[in-house]
Amino acid sequence: MREHWENLEALREPLLAWYGVHRRILPWREELSPYRTWVSEIMLQQTRVSAVLPYFARFMAELPDVRALAAAPEERLFKLWEGLGYYSRARNLRRAAQLVVEAYGGELPQSYAELRRLPGIGDYTASAIASINFGAPEPAVDGNLLRVAARLCSCAQDVTDARVKRLFREKLAAAIDRDSPGAWNQAMMDLGATACLPNGAPLCGDCPGRAFCAAYREGLTETLPVRAEKKPRRAEERTVFLLVRDGTLAVRQRPETGLLAGLTEFPNVAGNLDESAARIVLAQWGLAAQSLASCGAAKHVFTHIEWQMKGYFAEVTGEGPNFRWVDAAEFETLAIPSAFRHYTAVARGLLPSRADARATSHKEGD
């Protein structure tokens, strides 16, 4: 099958005309700055635009520039990020912001090469910032650009292969509009997101490149792009404990490396334990359970792992190993990973509110 790379250059003019009419109205585009582009692109990794919008608004209201981000306490940053997942993105944002303040006076560097040196900024994000904000002719090669290019040019090579990605970047770099590289990148993103769709039939009638799209001509629009089959996720069983002691709840910090590194979580152990085994775990932690009850099952899917969880609520006495006991007010300041979403909701109902605590205190005083 011959690849028609020349179609990328043929798309350039009709693409930009299409973008002038059909561009998505997005907050990081309407008020443009390198910082806003950077934060939005990091948030959009593995996350839908509709999910990002409210997070972006809250983030910008509280951390409007690089210096504010660099100075933000990590726990507060995680709270702003809570629910977006992939918390290493937030941690790298803050680390990079601190480097930008130290090395660049609080202004993001303009070159692709310097942007690539910052934590958490890879090829795609560096290209997006450099092209959109500084006019650099760097193609921002994400899934949208790969899909559009693979179909337009009828390329049947595996787009997940690093060598093939380099080939696509080379071809897209040759085809980018050098006068408006930022608009070209965003137009390609929008074309992939709204017309040249993944996972099913693309809306070819809405595409400015339909007249010369090789996949459309050859009936391959639902076959391309080619991606290697993903490995099945590994299932992992866990038992989660909501432990209440004198109106406070036990939480702990995860290890600084690995899955959900350094984040706050509810105490949990491997395996789906029955009640007898759960009581043994509590005893091993040095806790005496006054009561023990199920608080439901939950599932969370990570990229390569699926957690299958069951939970217990227990009223306890004792300290527990490396546990932190928080009241309702402090609990609301914590960023609990979305993997525990079900148990976070249950926990809120277990902790007395400030009003309840004051009422109890007054009653005891009487």
# chains A, B, ... in the order shown; residues from 1 in each chain; ligands from 1

$ closest_atom_pairs --of "stretch 152-194 of chain A" --to "stretch 45-63 of chain A" --cutoff "12 Å" --atoms "only C-alpha atoms" --output "tab-separated table"
residue	atom	partner	partner_atom	distance
A:Met189	CA	A:Val49	CA	11.7
A:Asp190	CA	A:Val49	CA	11.2
A:Ala193	CA	A:Val49	CA	9.8
A:Thr194	CA	A:Val49	CA	11.7

$ write_last_selection --atoms "all heavy atoms" --output "CSV table (one decimal), in the first residue's frame"
chain,number,residue,atom,x,y,z
A,189,MET,N,-5.7,19.4,15.7
A,189,MET,CA,-6.3,18.8,16.9
A,189,MET,C,-7.8,18.8,16.8
A,189,MET,O,-8.5,17.8,17.1
A,189,MET,CB,-5.8,19.7,18.1
A,189,MET,CG,-4.4,19.6,18.4
A,189,MET,SD,-4.0,20.8,19.8
A,189,MET,CE,-2.2,21.0,19.6
A,190,ASP,N,-8.4,20.0,16.3
A,190,ASP,CA,-9.8,20.1,16.3
A,190,ASP,C,-10.4,19.2,15.2
A,190,ASP,O,-11.5,18.6,15.4
A,190,ASP,CB,-10.2,21.5,16.0
A,190,ASP,CG,-10.1,22.4,17.2
A,190,ASP,OD1,-9.6,22.0,18.2
A,190,ASP,OD2,-10.6,23.6,17.2
A,193,ALA,N,-10.5,15.8,16.7
A,193,ALA,CA,-11.5,15.7,17.8
A,193,ALA,C,-12.9,15.8,17.4
A,193,ALA,O,-13.8,15.3,18.1
A,193,ALA,CB,-11.2,16.8,18.9
A,194,THR,N,-13.2,16.5,16.3
A,194,THR,CA,-14.6,16.8,15.9
A,194,THR,C,-15.1,16.1,14.6
A,194,THR,O,-16.3,16.0,14.4
A,194,THR,CB,-14.8,18.3,15.8
A,194,THR,OG1,-14.1,18.8,14.8
A,194,THR,CG2,-14.5,19.0,17.1

$ select_by_dssp --residues "stretch 127-195 of chain A" --states "helix (DSSP H, G or I)" --output "number ranges by chain"
A: 127-134, 143-153, 162-175, 181-194

$ write_last_selection --atoms "C-alpha atoms" --output "CSV table (one decimal), in the first residue's frame"
chain,number,residue,atom,x,y,z
A,127,SER,CA,5.7,21.6,20.5
A,128,ALA,CA,2.3,22.9,21.5
A,129,ILE,CA,3.7,25.7,23.7
A,130,ALA,CA,6.4,26.7,21.2
A,131,SER,CA,4.1,26.8,18.2
A,132,ILE,CA,1.0,28.3,19.7
A,133,ASN,CA,2.7,31.0,21.8
A,134,PHE,CA,6.1,31.6,20.1
A,143,GLY,CA,-3.3,11.0,18.8
A,144,ASN,CA,-5.4,13.4,16.8
A,145,LEU,CA,-2.6,14.3,14.4
A,146,LEU,CA,-1.5,10.7,14.1
A,147,ARG,CA,-5.0,9.7,13.2
A,148,VAL,CA,-5.6,12.5,10.7
A,149,ALA,CA,-2.3,11.9,9.0
A,150,ALA,CA,-2.6,8.1,8.9
A,151,ARG,CA,-6.0,8.3,7.2
A,152,LEU,CA,-5.2,11.2,4.9
A,153,CYS,CA,-2.0,9.5,3.7
A,162,ALA,CA,8.4,4.8,18.2
A,163,ARG,CA,10.1,4.6,14.8
A,164,VAL,CA,6.8,5.3,13.1
A,165,LYS,CA,6.0,8.2,15.4
A,166,ARG,CA,9.3,9.8,14.4
A,167,LEU,CA,8.4,9.3,10.7
A,168,PHE,CA,5.0,11.0,11.3
A,169,ARG,CA,6.7,13.9,13.1
A,170,GLU,CA,9.1,14.3,10.2
A,171,LYS,CA,6.3,14.4,7.6
A,172,LEU,CA,4.1,16.7,9.7
A,173,ALA,CA,7.0,19.1,10.3
A,174,ALA,CA,7.5,19.3,6.5
A,175,ALA,CA,3.7,20.1,6.1
A,181,PRO,CA,2.1,26.9,13.1
A,182,GLY,CA,0.0,27.4,16.2
A,183,ALA,CA,-3.2,27.7,14.3
A,184,TRP,CA,-2.2,24.7,12.1
A,185,ASN,CA,-1.6,22.5,15.2
A,186,GLN,CA,-4.8,23.5,16.8
A,187,ALA,CA,-6.7,23.0,13.5
A,188,MET,CA,-5.3,19.5,13.2
A,189,MET,CA,-6.3,18.8,16.9
A,190,ASP,CA,-9.8,20.1,16.3
A,191,LEU,CA,-10.2,18.1,13.0
A,192,GLY,CA,-9.2,14.9,14.9
A,193,ALA,CA,-11.5,15.7,17.8
A,194,THR,CA,-14.6,16.8,15.9

$ closest_atom_pairs --of "stretch 295-354 of chain A" --to "stretch 215-233 of chain A" --cutoff "12 Å" --atoms "only C-alpha atoms" --output "JSON lines"
{"residue": "A:His300", "atom": "CA", "partner": "A:Arg233", "partner_atom": "CA", "distance": 11.5}
{"residue": "A:Val301", "atom": "CA", "partner": "A:Arg233", "partner_atom": "CA", "distance": 8.5}
{"residue": "A:Phe302", "atom": "CA", "partner": "A:Arg233", "partner_atom": "CA", "distance": 8.3}
{"residue": "A:Thr303", "atom": "CA", "partner": "A:Arg233", "partner_atom": "CA", "distance": 7.4}
{"residue": "A:His304", "atom": "CA", "partner": "A:Arg233", "partner_atom": "CA", "distance": 4.8}
{"residue": "A:Ile305", "atom": "CA", "partner": "A:Arg233", "partner_atom": "CA", "distance": 5.0}
{"residue": "A:Glu306", "atom": "CA", "partner": "A:Arg233", "partner_atom": "CA", "distance": 6.3}
{"residue": "A:Trp307", "atom": "CA", "partner": "A:Arg233", "partner_atom": "CA", "distance": 9.9}
{"residue": "A:Gln308", "atom": "CA", "partner": "A:Arg233", "partner_atom": "CA", "distance": 12.0}

$ closest_residue --among "A:Gly85, A:Gly318, A:Pro267, A:Gly209" --to "A:Gln290" --atoms "only C-alpha atoms"
A:Gly318

$ atom_distance --atom1 "atom CA of A:Ala339" --atom2 "atom CA of A:Glu265"
9.4 Å

$ residues_around --residues "stretch 235-251 of chain A" --least-positions-apart "2" --cutoff "9 Å" --atoms "only C-alpha atoms" --output "JSON, numbers by chain"
{"A": [233, 253, 264, 265, 266, 267, 268, 269, 270, 271, 272, 273, 278, 289, 295, 304, 305, 306, 307, 308, 309, 310, 311, 312, 313, 314, 315, 316, 317, 318, 320, 322, 323, 324, 325, 326, 327, 328, 331, 340, 343, 346, 347, 350, 351, 352, 357]}

$ closest_residue --among "A:Leu263, A:Ala136, A:Ala211, A:Leu108" --to "A:Ile336" --atoms "only C-alpha atoms"
A:Leu263

$ atom_distance --atom1 "atom CA of A:Val101" --atom2 "atom CA of A:Pro137"
26.0 Å

$ closest_residue --among "A:Ser111, A:Asn7, A:Asn92, A:Asn199" --to "A:Met43" --atoms "only C-alpha atoms"
A:Asn92

$ closest_residue --among "A:Pro14, A:Ser338, A:Ser40, A:Ser294" --to "A:Leu26" --atoms "only C-alpha atoms"
A:Ser40

$ select_by_dssp --residues "stretch 195-344 of chain A" --states "strand (DSSP E or B)" --output "ChimeraX atom specification"
/A:226,234-245,248-253,264-265,268-270,288-301,305-317,324-326
